[in-house]
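Chemist: To be precise about what I am sending: the file is called target_20.pdb and holds PDB, C-alpha atoms.
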```pdb
ATOM      1  CA  MET A  24       0.000   0.000   0.000
ATOM      2  CA  THR A  25       1.206   3.469  -0.821
ATOM      3  CA  PRO A  26       1.707   5.713   2.230
ATOM      4  CA  ARG A  27      -0.610   8.768   2.423
ATOM      5  CA  PRO A  28       1.006  11.660   4.299
ATOM      6  CA  PRO A  29       0.571  13.376   6.610
ATOM      7  CA  PHE A  30       1.104  10.613   9.142
ATOM      8  CA  PRO A  31      -0.083  10.253  12.720
ATOM      9  CA  PRO A  32       0.270  11.359  15.380
ATOM     10  CA  PHE A  33      -1.558  14.427  14.102
ATOM     11  CA  ASP A  34      -1.062  17.993  15.215
ATOM     12  CA  GLU A  35      -3.434  20.794  14.220
ATOM     13  CA  GLN A  36      -1.648  21.538  10.934
ATOM     14  CA  THR A  37      -1.441  17.903   9.790
ATOM     15  CA  ALA A  38      -5.032  17.195  10.859
ATOM     16  CA  LEU A  39      -6.188  20.213   8.813
ATOM     17  CA  GLN A  40      -4.180  18.916   5.832
ATOM     18  CA  LYS A  41      -5.808  15.479   6.136
ATOM     19  CA  VAL A  42      -9.300  17.017   6.284
ATOM     20  CA  GLN A  43      -8.668  19.226   3.246
ATOM     21  CA  ALA A  44      -7.217  16.296   1.286
ATOM     22  CA  ALA A  45     -10.345  14.250   2.046
ATOM     23  CA  GLU A  46     -12.636  17.107   0.993
ATOM     24  CA  ASP A  47     -10.699  17.611  -2.232
ATOM     25  CA  ALA A  48     -10.786  13.906  -3.093
ATOM     26  CA  TRP A  49     -14.496  13.449  -2.354
ATOM     27  CA  ASN A  50     -15.347  16.506  -4.461
ATOM     28  CA  THR A  51     -13.833  14.775  -7.500
ATOM     29  CA  ARG A  52     -16.622  12.158  -7.224
ATOM     30  CA  ASP A  53     -14.042   9.621  -8.428
ATOM     31  CA  PRO A  54     -14.605   6.437  -6.369
ATOM     32  CA  GLU A  55     -11.273   4.862  -7.313
ATOM     33  CA  ARG A  56      -9.326   7.972  -6.303
ATOM     34  CA  VAL A  57     -11.201   8.323  -3.028
ATOM     35  CA  ALA A  58     -10.721   4.642  -2.146
ATOM     36  CA  LEU A  59      -6.911   4.971  -2.329
ATOM     37  CA  ALA A  60      -6.962   6.900   0.971
ATOM     38  CA  TYR A  61      -8.285   3.818   2.793
ATOM     39  CA  THR A  62      -6.630   0.554   3.789
ATOM     40  CA  GLU A  63      -7.390  -2.533   1.704
ATOM     41  CA  ASP A  64      -9.560  -3.815   4.583
ATOM     42  CA  SER A  65     -10.957  -0.457   5.763
ATOM     43  CA  VAL A  66     -14.201  -0.679   7.737
ATOM     44  CA  TRP A  67     -16.940   1.915   7.280
ATOM     45  CA  ARG A  68     -20.255   2.715   8.839
ATOM     46  CA  ASN A  69     -22.097   5.203   6.661
ATOM     47  CA  ARG A  70     -25.574   5.933   8.021
ATOM     48  CA  ASP A  71     -27.077   2.428   8.275
ATOM     49  CA  THR A  72     -24.713   0.845   5.754
ATOM     50  CA  PHE A  73     -21.627  -1.157   6.708
ATOM     51  CA  VAL A  74     -18.822  -1.484   4.151
ATOM     52  CA  THR A  75     -15.517  -3.366   4.357
ATOM     53  CA  GLY A  76     -12.613  -3.137   1.913
ATOM     54  CA  ARG A  77     -11.635  -0.963  -1.018
ATOM     55  CA  PRO A  78     -13.712  -2.774  -3.673
ATOM     56  CA  ALA A  79     -16.836  -2.354  -1.511
ATOM     57  CA  ILE A  80     -15.947   1.310  -0.902
ATOM     58  CA  VAL A  81     -15.704   1.909  -4.662
ATOM     59  CA  GLU A  82     -19.046   0.178  -5.245
ATOM     60  CA  PHE A  83     -20.671   2.155  -2.415
ATOM     61  CA  LEU A  84     -19.372   5.482  -3.758
ATOM     62  CA  ARG A  85     -20.428   4.725  -7.341
ATOM     63  CA  ALA A  86     -23.988   4.090  -6.144
ATOM     64  CA  LYS A  87     -23.902   7.170  -3.886
ATOM     65  CA  TRP A  88     -22.861   9.545  -6.653
ATOM     66  CA  ALA A  89     -25.278   7.956  -9.139
ATOM     67  CA  ARG A  90     -28.161   9.131  -6.918
ATOM     68  CA  GLU A  91     -26.589  12.224  -5.255
ATOM     69  CA  LEU A  92     -26.160  14.357  -8.364
ATOM     70  CA  ASP A  93     -23.970  17.495  -8.517
ATOM     71  CA  TYR A  94     -22.573  16.548  -5.108
ATOM     72  CA  ALA A  95     -20.434  19.245  -3.448
ATOM     73  CA  LEU A  96     -18.881  18.858   0.016
ATOM     74  CA  ARG A  97     -17.327  20.949   2.792
ATOM     75  CA  LYS A  98     -15.491  19.444   5.789
ATOM     76  CA  GLU A  99     -14.341  21.071   9.017
ATOM     77  CA  LEU A 100     -11.875  19.738  11.558
ATOM     78  CA  TRP A 101     -13.650  19.098  14.844
ATOM     79  CA  SER A 102     -10.965  17.368  16.913
ATOM     80  CA  TYR A 103      -7.800  15.268  16.623
ATOM     81  CA  GLY A 104      -5.485  13.200  18.769
ATOM     82  CA  GLY A 105      -2.933  10.489  18.082
ATOM     83  CA  ASN A 106      -4.106   8.598  15.000
ATOM     84  CA  ARG A 107      -7.718   9.860  15.088
ATOM     85  CA  ILE A 108      -9.531  12.826  13.572
ATOM     86  CA  ALA A 109     -13.152  13.918  13.988
ATOM     87  CA  VAL A 110     -14.803  16.132  11.379
ATOM     88  CA  ARG A 111     -18.169  17.694  10.794
ATOM     89  CA  PHE A 112     -19.359  18.257   7.273
ATOM     90  CA  GLN A 113     -22.176  19.205   5.008
ATOM     91  CA  TYR A 114     -22.809  18.579   1.371
ATOM     92  CA  GLU A 115     -25.443  19.420  -1.171
ATOM     93  CA  SER A 116     -26.784  17.330  -4.013
ATOM     94  CA  HIS A 117     -29.990  16.734  -5.879
ATOM     95  CA  ASP A 118     -31.835  13.577  -6.743
ATOM     96  CA  ALA A 119     -33.182  12.443 -10.118
ATOM     97  CA  THR A 120     -36.442  14.357  -9.539
ATOM     98  CA  GLY A 121     -34.525  17.633  -9.102
ATOM     99  CA  GLN A 122     -35.072  17.886  -5.326
ATOM    100  CA  TRP A 123     -32.046  19.485  -3.658
ATOM    101  CA  TRP A 124     -30.744  18.199  -0.326
ATOM    102  CA  ARG A 125     -28.288  19.481   2.252
ATOM    103  CA  SER A 126     -26.784  16.657   4.264
ATOM    104  CA  TYR A 127     -25.167  17.312   7.640
ATOM    105  CA  GLY A 128     -22.895  14.875   9.396
ATOM    106  CA  ASN A 129     -20.020  13.895  11.607
ATOM    107  CA  GLU A 130     -17.227  11.455  10.878
ATOM    108  CA  LEU A 131     -14.757   9.679  13.112
ATOM    109  CA  TRP A 132     -11.569   8.584  11.372
ATOM    110  CA  GLU A 133      -8.818   6.222  12.507
ATOM    111  CA  PHE A 134      -5.525   5.947  10.606
ATOM    112  CA  THR A 135      -2.656   3.498  10.286
ATOM    113  CA  GLU A 136       0.919   4.648  10.824
ATOM    114  CA  ASP A 137       1.297   5.018   7.028
ATOM    115  CA  GLY A 138      -1.541   7.567   6.857
ATOM    116  CA  LEU A 139      -4.284   5.343   5.402
ATOM    117  CA  MET A 140      -7.715   5.397   6.999
ATOM    118  CA  ARG A 141      -8.608   2.034   8.486
ATOM    119  CA  ARG A 142     -11.937   3.035  10.035
ATOM    120  CA  ARG A 143     -14.627   5.590   9.129
ATOM    121  CA  GLU A 144     -17.812   6.100  11.130
ATOM    122  CA  ALA A 145     -20.331   8.557   9.619
ATOM    123  CA  GLY A 146     -23.690   9.757  10.886
ATOM    124  CA  ILE A 147     -25.611  11.850   8.351
ATOM    125  CA  HIS A 148     -28.954  13.679   8.313
ATOM    126  CA  ASP A 149     -30.645  15.073   5.205
ATOM    127  CA  VAL A 150     -32.706  18.245   4.872
ATOM    128  CA  ALA A 151     -34.701  19.041   1.736
ATOM    129  CA  ILE A 152     -33.868  22.519   0.424
ATOM    130  CA  ALA A 153     -35.004  24.666  -2.461
ATOM    131  CA  GLU A 154     -32.438  25.228  -5.202
ATOM    132  CA  SER A 155     -32.441  28.919  -4.189
ATOM    133  CA  GLU A 156     -31.174  27.896  -0.704
ATOM    134  CA  ARG A 157     -28.001  26.295  -2.038
ATOM    135  CA  ARG A 158     -24.719  27.610  -0.674
ATOM    136  CA  ILE A 159     -22.184  24.991  -1.787
ATOM    137  CA  PHE A 160     -21.331  25.247  -5.474
ATOM    138  CA  GLY A 161     -18.666  22.710  -6.362
ATOM    139  CA  PRO A 162     -15.200  22.341  -4.833
ATOM    140  CA  ARG A 163     -13.723  25.234  -2.872
ATOM    141  CA  PRO A 164     -12.264  27.980  -5.037
ATOM    142  CA  GLU A 165      -8.468  27.851  -5.385
ATOM    143  CA  SER A 166      -8.245  30.900  -3.111
ATOM    144  CA  GLU A 167      -9.728  28.848  -0.258
ATOM    145  CA  ASN A 168      -7.671  25.657  -0.710
ATOM    146  CA  GLY A 169      -5.709  24.866   2.395
ATOM    147  CA  LEU A 170      -8.312  26.554   4.552
ATOM    148  CA  VAL A 171     -10.895  24.362   6.222
ATOM    149  CA  LEU A 172     -13.591  26.942   6.785
ATOM    150  CA  PRO A 173     -16.525  26.510   9.160
ATOM    151  CA  VAL A 174     -19.576  24.798   7.737
ATOM    152  CA  ARG A 175     -22.800  26.592   8.634
TER
END
```
Could you write out this structure as structure tokens?
Modeler:
Amino acid sequence: MTPRPPFPPFDEQTALQKVQAAEDAWNTRDPERVALAYTEDSVWRNRDTFVTGRPAIVEFLRAKWARELDYALRKELWSYGGNRIAVRFQYESHDATGQWWRSYGNELWEFTEDGLMRRREAGIHDVAIAESERRIFGPRPESENGLVLPVR
């Protein structure tokens, strides 16, 4: 497996880098690219779905982005210590009927010494919004990269 810096134990700067890297990768909506940040046997809980291993992660993400159209995500560092990071996030997407959604959540991450995520626990809640209420329009602008700004 290819190491994924920064490596634990995390300090504030390296935890922020890890959060921004995750946001950037997820905003590509490329399941294969995203899956490379996880161990071969990574274990996930995403809402009520349990996923184990990179192939299952890729399959899960393909299905997710097939139904969550025009997905755009923001993450914020919540806490860190040792080899763990907690984030809060929100993303917006619409379904096939055109209904827009804002999804709010928290994630708990655990990493190996080579910087790959071996465990991801995510709780997520969805709120229907009108298109006029959108506030996340694609990946962060270049001027904001490197800054994990508060999600509101």
Chemist: Within 12 Å of Arg143 of chain A, counting only C-alpha atoms, which residues show up once you throw out same-chain ones fewer than 4 positions away? Write them as a list in words, please.
Modeler: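 Neighbouring residues, sequence-local ones excluded: Ala45, Ala58, Ala60, Tyr61, Thr62, Asp64, Ser65, Val66, Trp67, Arg68, Asn69, Arg70, Thr72, Phe73, Val74, Thr75, Gly76, Ile80, Arg107, Ile108, Ala109, Val110, Asn129, Glu130, Leu131, Trp132, Glu133, Phe134 and Leu139 of chain A.
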Chemist: Find the residues near segment 151-160 of chain A: any atom within 10 Å, counting all atoms listed in the file, skip ones fewer than 2 places away on the same chain, and give them as a PyMOL selection string.
Modeler: chain A and resi 93-97+113-117+121-126+149+162-164+174-175
Chemist: With all atoms listed in the file as the basis for distance, which of A:Gly128, A:Pro54, A:Gly161, A:Gly105 is at the shortest distance from Phe30 of chain A?
Modeler: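 Closest to Phe30 of chain A, using all atoms listed in the file: A:Gly105.
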Chemist: May I ask for the distance between atom CA of Glu35 of chain A and atom CA of Leu84 of chain A, given in Å to one decimal place?
Modeler: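 Atom CA of Glu35 of chain A sits 28.5 Å away from atom CA of Leu84 of chain A.
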Chemist: Selected by the PyMOL selection byres ((chain A and resi 43) around 12) in the shown coordinates: which residues, as number ranges by chain?
Modeler: A: 29, 36-42, 44-50, 96-100, 110, 112, 162-163, 167-172
Chemist: Select, from A:Asn106, A:Asp71, A:Glu63, A:Pro31, the residue with the minimum atom-to-atom distance to Ala145 of chain A, counting all atoms listed in the file.
Modeler: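 For Ala145 of chain A, the nearest of the given residues is A:Asp71.
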Chemist: Determine the nearest neighbour of Val150 of chain A from the options A:Val81, A:Thr135, A:Tyr127, A:Arg27, counting all atoms listed in the file.
Modeler: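 For Val150 of chain A, the nearest of the candidates is A:Tyr127.
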Chemist: Taking all atoms listed in the file into account, name the residue in A:Phe83, A:Thr25, A:Phe33, A:His148 that is nearest to Ser102 of chain A.
Modeler: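 Nearest to Ser102 of chain A: A:Phe33.
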Chemist: How far is it from atom CA of Tyr103 of chain A to atom CA of Asp34 of chain A, in Å with one decimal?
Modeler: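 If I compute the distance from atom CA of Tyr103 of chain A to atom CA of Asp34 of chain A, I get 7.4 Å.
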Chemist: Just to confirm, what's the straight-line distance from atom CA of Met24 of chain A to atom CA of Arg77 of chain A in Å (one decimal)?
Modeler: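 Pair atom CA of Met24 of chain A / atom CA of Arg77 of chain A returns 11.7 Å.
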Chemist: Centre and edge lengths, as lines of an AutoDock Vina configuration file, for the axis-aligned box enclosing every listed atom of segment 152-165 of chain A with 3 Å of padding on each of the six sides, in Å to one decimal?
Modeler:
```
center_x = -21.7
center_y = 25.6
center_z = -3.0
size_x = 32.5
size_y = 12.6
size_z = 12.8
```
